[in-house]
Amino acid sequence: MSDQLISKKEVLDLTGISYGQLYRWKRKNLIPEDWFVRKSTFTGQETFFPKEKILERVEKVQMMKDSLSLDELADLFSLSASNLKLTKEGLIEKGIVSEPVLNIFLETQGEMDEFNYHEILKLYILSNLLESGNIHMEEGKMLLQLLNDHQKILQQPKAVICFIRKLGISSCLVSMSGEGVLLEKGTKLAASISIEQCAEELKSKLT
Amino acid sequence: METKALGNLIINGVGSVNGGAFHKVEINGKGTVNNDIECEKFNCNGTGTIHGNVKTEKGKISGAAKIHGVVKAESLSVNGSASISEAVLSRKLEVSGSSAIGGSVKCDEMVLNGKAKIAGDCEAEIFHAEGAFKIDGLLNAETIDIKLFGESKAKEIGGRKIKVAQHRESLFKLIKSLFPLKLEAELIEGDDIELEGTSAQVVRGKNVKIGKNCEIGLVEYSGEYECSTDSEVKESRLI
């Protein structure tokens, strides 16, 4: 990964949090275990973090910790399904999905009145891709088919969904651990989107 | 848990059973359970062996139990020489005997009076130790209170308040020369750190107080710093 790394000391300097807070957040799973990158330096081993991710996370936690408890925050950051249910109106009101996209979704999935977290996430990914103009309606249906067939994609934060096209024929695929996908010369990557990013955007819209 | 209507599992002597859900599980003797068990009360007094996970409200292990799996409990007390091959999750955990845990430990309150070996990380809100322990991963707790009684080791220690004290009784002076009361760690990080008898490569914190008999490679502090003359600190930096 080409992510820039930042040492633990620099994180504390830049954000003003203390060691105690950092360790508490780690205990509460506010900072995922795999962000702790150990590297050896001249003073022994030191811990590094992916720079952008950790700074963004610390800022979010600091901003929201007054209104929410740390456990609630952990739920917010984790990808596990929270017991949340929304209606069609609620979804449109919160700006998660527009009406035309919702209609496409209902067309393929069947009519429903209440949406659970996984369905909302599917919807959000669909609306994100459709509204960026990178994929068209048929491909949107393909995406829903893919997500229906492989439910576990939504629980895998590192997964990246890719749309490829060659000679006007399109297809989509998922890289479960988020590694780059190499393409043959005639193939074009039409769109790619990461589950983790979607889930986080979605969660911030939901609160 | 709907275990009220369930029966009890009691093994007195030699016996083997296939696991399942029970109200009360008691193993007195050489019992073997070959699968996962779920129960309200778990009591193991002999050399019980469990090939599976244990989920219980209240667990007590007094003999030399061997559990090949994860233990999940509301409160768990270990008095004998238990060995648990995977993680331990418990709201309250008390270890008084010598136990070995192959995975990581996660609990709210941990009291350690005997000898414990933990191969993974150890996370708690309150960690209280009066004994010898060896933690191969990170010891992470809000409050860490360690009274040294033997040789203890942790790879890394992190928390808000970390206090390590050496035992003061004069009777121990004789034995002390034979068995050093020492805590060894590579890295100690916290807000308020008070150390005695500790050897560490790096200590980082806001307020750092180094007491007697310490050997520290590097101290980095941002608030107050105090160092006793009995200790050896190679380098200290204000940041």
# chains A, B, ... in the order shown; residues from 1 in each chain; ligands from 1
call {"tool": "interface_residues", "arguments": {"of": "chain B", "to": "chain A", "cutoff": "9 Å", "atoms": "only C-alpha atoms", "output": "list in words"}}
result
Lys106, Glu123, Ala124, Glu125, Asn140, Ala141, Glu142, Gly158, Gly159, Arg160, Lys161, Glu186, Leu187, Glu189, Gly190, Asp191, Asp192, Gln201, Val202, Arg204, Gly205, Lys206, Gly217 and Leu218 of chain B
call {"tool": "write_last_selection", "arguments": {"atoms": "N, CA and C atoms", "output": "CSV table (one decimal), in the first residue's frame"}}
result
chain,number,residue,atom,x,y,z
B,106,LYS,N,-9.6,-10.3,27.1
B,106,LYS,CA,-10.3,-9.1,27.1
B,106,LYS,C,-11.3,-9.1,28.3
B,123,GLU,N,-6.3,-6.9,27.4
B,123,GLU,CA,-7.0,-5.7,27.5
B,123,GLU,C,-8.0,-5.7,28.7
B,124,ALA,N,-7.9,-4.6,29.5
B,124,ALA,CA,-8.8,-4.5,30.6
B,124,ALA,C,-9.0,-3.0,30.9
B,125,GLU,N,-10.1,-2.7,31.7
B,125,GLU,CA,-10.2,-1.3,32.1
B,125,GLU,C,-9.4,-1.2,33.4
B,140,ASN,N,-2.9,-3.6,27.8
B,140,ASN,CA,-3.6,-2.3,27.5
B,140,ASN,C,-4.7,-2.1,28.5
B,141,ALA,N,-4.6,-1.1,29.4
B,141,ALA,CA,-5.6,-0.9,30.4
B,141,ALA,C,-5.7,0.5,30.8
B,142,GLU,N,-6.9,0.9,31.2
B,142,GLU,CA,-7.1,2.3,31.7
B,142,GLU,C,-6.2,2.5,32.9
B,158,GLY,N,0.5,-0.2,27.7
B,158,GLY,CA,-0.1,1.1,27.4
B,158,GLY,C,-1.3,1.4,28.2
B,159,GLY,N,-1.5,2.6,28.6
B,159,GLY,CA,-2.7,2.9,29.4
B,159,GLY,C,-2.7,4.4,29.8
B,160,ARG,N,-3.6,4.7,30.7
B,160,ARG,CA,-3.7,6.1,31.2
B,160,ARG,C,-2.8,6.2,32.4
B,161,LYS,N,-3.1,5.3,33.4
B,161,LYS,CA,-2.3,5.4,34.6
B,161,LYS,C,-1.6,4.1,34.8
B,186,GLU,N,9.4,-3.8,26.7
B,186,GLU,CA,10.1,-3.1,25.7
B,186,GLU,C,9.7,-1.7,25.7
B,187,LEU,N,8.4,-1.5,25.8
B,187,LEU,CA,7.8,-0.1,25.7
B,187,LEU,C,6.7,0.1,26.7
B,189,GLU,N,3.9,3.1,27.6
B,189,GLU,CA,3.4,4.4,27.2
B,189,GLU,C,2.1,4.7,28.1
B,190,GLY,N,2.0,5.9,28.6
B,190,GLY,CA,0.8,6.2,29.4
B,190,GLY,C,0.8,7.7,29.7
B,191,ASP,N,-0.3,8.1,30.4
B,191,ASP,CA,-0.3,9.5,30.8
B,191,ASP,C,0.4,9.8,32.1
B,192,ASP,N,0.1,9.0,33.1
B,192,ASP,CA,0.8,9.1,34.4
B,192,ASP,C,1.5,7.8,34.6
B,201,GLN,N,13.0,-0.5,27.5
B,201,GLN,CA,13.8,0.2,26.5
B,201,GLN,C,13.4,1.7,26.4
B,202,VAL,N,12.0,1.9,26.2
B,202,VAL,CA,11.5,3.2,26.0
B,202,VAL,C,10.3,3.4,26.9
B,204,ARG,N,7.4,6.4,27.5
B,204,ARG,CA,6.9,7.7,27.0
B,204,ARG,C,5.6,8.0,27.8
B,205,GLY,N,5.5,9.3,28.2
B,205,GLY,CA,4.3,9.7,28.9
B,205,GLY,C,4.2,11.2,29.1
B,206,LYS,N,3.2,11.6,29.8
B,206,LYS,CA,3.0,13.0,30.2
B,206,LYS,C,3.8,13.2,31.4
B,217,GLY,N,16.1,2.8,29.0
B,217,GLY,CA,16.9,3.3,27.9
B,217,GLY,C,16.6,4.7,27.5
B,218,LEU,N,15.4,5.0,27.3
B,218,LEU,CA,15.0,6.4,26.9
B,218,LEU,C,13.7,6.7,27.6
call {"tool": "residues_around", "arguments": {"residues": "Ser16 in chain B", "least_positions_apart": "3", "cutoff": "8 Å", "atoms": "only C-alpha atoms", "output": "PDB file with C-alpha atoms, in the first residue's frame"}}
result
ATOM      1  CA  GLY B  31     -14.097 -35.514  32.903  1.00  0.00           C
ATOM      2  CA  THR B  32     -13.875 -34.925  29.215  1.00  0.00           C
ATOM      3  CA  VAL B  33     -16.251 -32.819  27.185  1.00  0.00           C
ATOM      4  CA  ASN B  34     -15.900 -33.297  23.472  1.00  0.00           C
TER       5      ASN B  34
END
call {"tool": "atom_distance", "arguments": {"atom1": "CA of Ala190 in chain A", "atom2": "CA of Asn128 in chain A"}}
result
13.6 Å
call {"tool": "residues_around", "arguments": {"residues": "Phe22 in chain B", "least_positions_apart": "6", "cutoff": "8 Å", "atoms": "only C-alpha atoms", "output": "JSON list (two decimals) with C-alpha atoms, in the first residue's frame"}}
result
[["chain", "number", "residue", "atom", "x", "y", "z"],
["B", 3, "THR", "CA", -31.17, -22.34, 30.53],
["B", 6, "LEU", "CA", -32.13, -27.30, 31.12],
["B", 7, "GLY", "CA", -30.58, -30.08, 33.09],
["B", 8, "ASN", "CA", -27.26, -30.24, 34.87],
["B", 9, "LEU", "CA", -24.12, -31.95, 33.74],
["B", 37, "ILE", "CA", -20.69, -26.14, 26.20],
["B", 38, "GLU", "CA", -22.99, -23.34, 27.19],
["B", 39, "CYS", "CA", -24.17, -23.03, 30.77],
["B", 40, "GLU", "CA", -25.04, -20.69, 33.58]]
call {"tool": "residues_around", "arguments": {"residues": "Leu139 in chain B", "least_positions_apart": "3", "cutoff": "9 Å", "atoms": "only C-alpha atoms", "output": "list in words"}}
result
Asp121, Cys122, Glu123, Ala124, Phe127, Ile135, Asp136, Ile144, Ala154, Lys155, Glu156, Ile157, Gly158 and Gly159 of chain B
call {"tool": "select_by_dssp", "arguments": {"residues": "range 93-222 of chain B", "states": "strand (DSSP E)", "output": "PyMOL selection string"}}
result
chain B and resi 93-95+98-101+105-112+115-118+122-148+151-166+182-195+198-210+215-221
call {"tool": "closest_residue", "arguments": {"among": "A:Gln155, A:Ser98, A:Gln145, A:Thr15", "to": "Tyr117 in chain A", "atoms": "only C-alpha atoms"}}
result
A:Gln155
call {"tool": "atom_distance", "arguments": {"atom1": "CA of Val78 in chain B", "atom2": "CA of Asn29 in chain A"}}
result
26.9 Å
call {"tool": "select_by_dssp", "arguments": {"residues": "range 9-228 of chain B", "states": "helix (DSSP H, G or I)", "output": "short mmCIF file (atom, residue, chain, number, x, y, z; two decimals) with C-alpha atoms, in the first residue's frame"}}
result
data_model
loop_
_atom_site.label_atom_id
_atom_site.label_comp_id
_atom_site.auth_asym_id
_atom_site.auth_seq_id
_atom_site.Cartn_x
_atom_site.Cartn_y
_atom_site.Cartn_z
CA PHE B 172 11.94 -10.27 51.12
CA LYS B 173 15.39 -8.75 51.14
CA LEU B 174 17.04 -12.14 51.44
CA ILE B 175 15.02 -13.77 48.76
CA LYS B 176 15.27 -10.73 46.59
CA SER B 177 18.89 -11.41 45.80
CA LEU B 178 17.93 -14.82 44.49
#
call {"tool": "residues_around", "arguments": {"residues": "Ala116 in chain B", "least_positions_apart": "3", "cutoff": "7 Å", "atoms": "only C-alpha atoms", "output": "PDB file with N, CA and C atoms, in the first residue's frame"}}
result
ATOM      1  N   SER B  98      -1.728 -20.707  38.728  1.00  0.00           N
ATOM      2  CA  SER B  98      -0.864 -20.456  37.584  1.00  0.00           C
ATOM      3  C   SER B  98      -1.626 -20.914  36.356  1.00  0.00           C
ATOM      4  N   SER B  99      -1.825 -20.015  35.454  1.00  0.00           N
ATOM      5  CA  SER B  99      -2.601 -20.391  34.289  1.00  0.00           C
ATOM      6  C   SER B  99      -1.908 -19.934  33.017  1.00  0.00           C
ATOM      7  N   ALA B 100      -2.235 -20.628  31.960  1.00  0.00           N
ATOM      8  CA  ALA B 100      -1.652 -20.280  30.670  1.00  0.00           C
ATOM      9  C   ALA B 100      -2.783 -20.045  29.688  1.00  0.00           C
ATOM     10  N   ALA B 132       3.433 -12.887  39.372  1.00  0.00           N
ATOM     11  CA  ALA B 132       4.329 -12.892  38.232  1.00  0.00           C
ATOM     12  C   ALA B 132       3.511 -13.157  36.985  1.00  0.00           C
ATOM     13  N   PHE B 133       3.706 -12.373  35.986  1.00  0.00           N
ATOM     14  CA  PHE B 133       2.986 -12.634  34.743  1.00  0.00           C
ATOM     15  C   PHE B 133       3.906 -12.483  33.542  1.00  0.00           C
ATOM     16  N   LYS B 134       3.465 -13.066  32.472  1.00  0.00           N
ATOM     17  CA  LYS B 134       4.219 -12.937  31.239  1.00  0.00           C
ATOM     18  C   LYS B 134       3.210 -12.708  30.130  1.00  0.00           C
TER      19      LYS B 134
END
call {"tool": "residues_around", "arguments": {"residues": "range 192-196 of chain A", "least_positions_apart": "5", "cutoff": "9 Å", "atoms": "only C-alpha atoms", "output": "number ranges by chain"}}
result
A: 79, 121, 125, 128-129, 153-164, 178, 201
call {"tool": "write_last_selection", "arguments": {"atoms": "C-alpha atoms", "output": "mmCIF file, in the first residue's frame"}}
result
data_model
loop_
_atom_site.group_PDB
_atom_site.id
_atom_site.type_symbol
_atom_site.label_atom_id
_atom_site.label_comp_id
_atom_site.auth_asym_id
_atom_site.auth_seq_id
_atom_site.Cartn_x
_atom_site.Cartn_y
_atom_site.Cartn_z
ATOM 1 C CA LEU A 79 -19.287 -2.433 9.635
ATOM 2 C CA LEU A 121 -25.712 -0.027 2.163
ATOM 3 C CA ILE A 125 -23.451 1.897 -3.268
ATOM 4 C CA ASN A 128 -23.301 6.403 -5.583
ATOM 5 C CA LEU A 129 -22.247 4.632 -8.760
ATOM 6 C CA ILE A 153 -19.037 -8.602 0.466
ATOM 7 C CA LEU A 154 -20.825 -6.055 2.615
ATOM 8 C CA GLN A 155 -19.114 -7.288 5.759
ATOM 9 C CA GLN A 156 -15.676 -7.104 4.261
ATOM 10 C CA PRO A 157 -14.447 -3.529 4.747
ATOM 11 C CA LYS A 158 -11.506 -3.953 2.419
ATOM 12 C CA ALA A 159 -13.551 -5.146 -0.510
ATOM 13 C CA VAL A 160 -13.520 -3.038 -3.652
ATOM 14 C CA ILE A 161 -16.148 -3.323 -6.368
ATOM 15 C CA CYS A 162 -14.905 -2.743 -9.923
ATOM 16 C CA PHE A 163 -16.765 -2.288 -13.187
ATOM 17 C CA ILE A 164 -14.918 -3.179 -16.356
ATOM 18 C CA GLY A 178 -8.831 -4.595 -1.861
ATOM 19 C CA GLU A 201 -20.056 7.957 4.313
#
call {"tool": "residues_around", "arguments": {"residues": "Glu52 in chain A", "least_positions_apart": "3", "cutoff": "12 Å", "atoms": "only C-alpha atoms", "output": "PyMOL selection string"}}
result
chain A and resi 2-6+11+35+48-49+55-59
call {"tool": "write_last_selection", "arguments": {"atoms": "C-alpha atoms", "output": "tab-separated table (two decimals), in the first residue's frame"}}
result
chain	number	residue	atom	x	y	z
A	2	SER	CA	1.28	3.43	-0.88
A	3	ASP	CA	-0.44	5.04	2.12
A	4	GLN	CA	1.76	7.49	3.90
A	5	LEU	CA	2.62	6.39	7.41
A	6	ILE	CA	2.76	8.52	10.51
A	11	VAL	CA	-0.32	11.52	15.82
A	35	TRP	CA	-3.95	0.16	11.38
A	48	PHE	CA	2.96	3.70	12.78
A	49	PHE	CA	-0.48	4.44	11.36
A	55	LEU	CA	-6.05	11.68	11.43
A	56	GLU	CA	-9.55	11.57	10.00
A	57	ARG	CA	-10.65	9.01	12.57
A	58	VAL	CA	-9.20	10.91	15.53
A	59	GLU	CA	-10.86	14.10	14.35
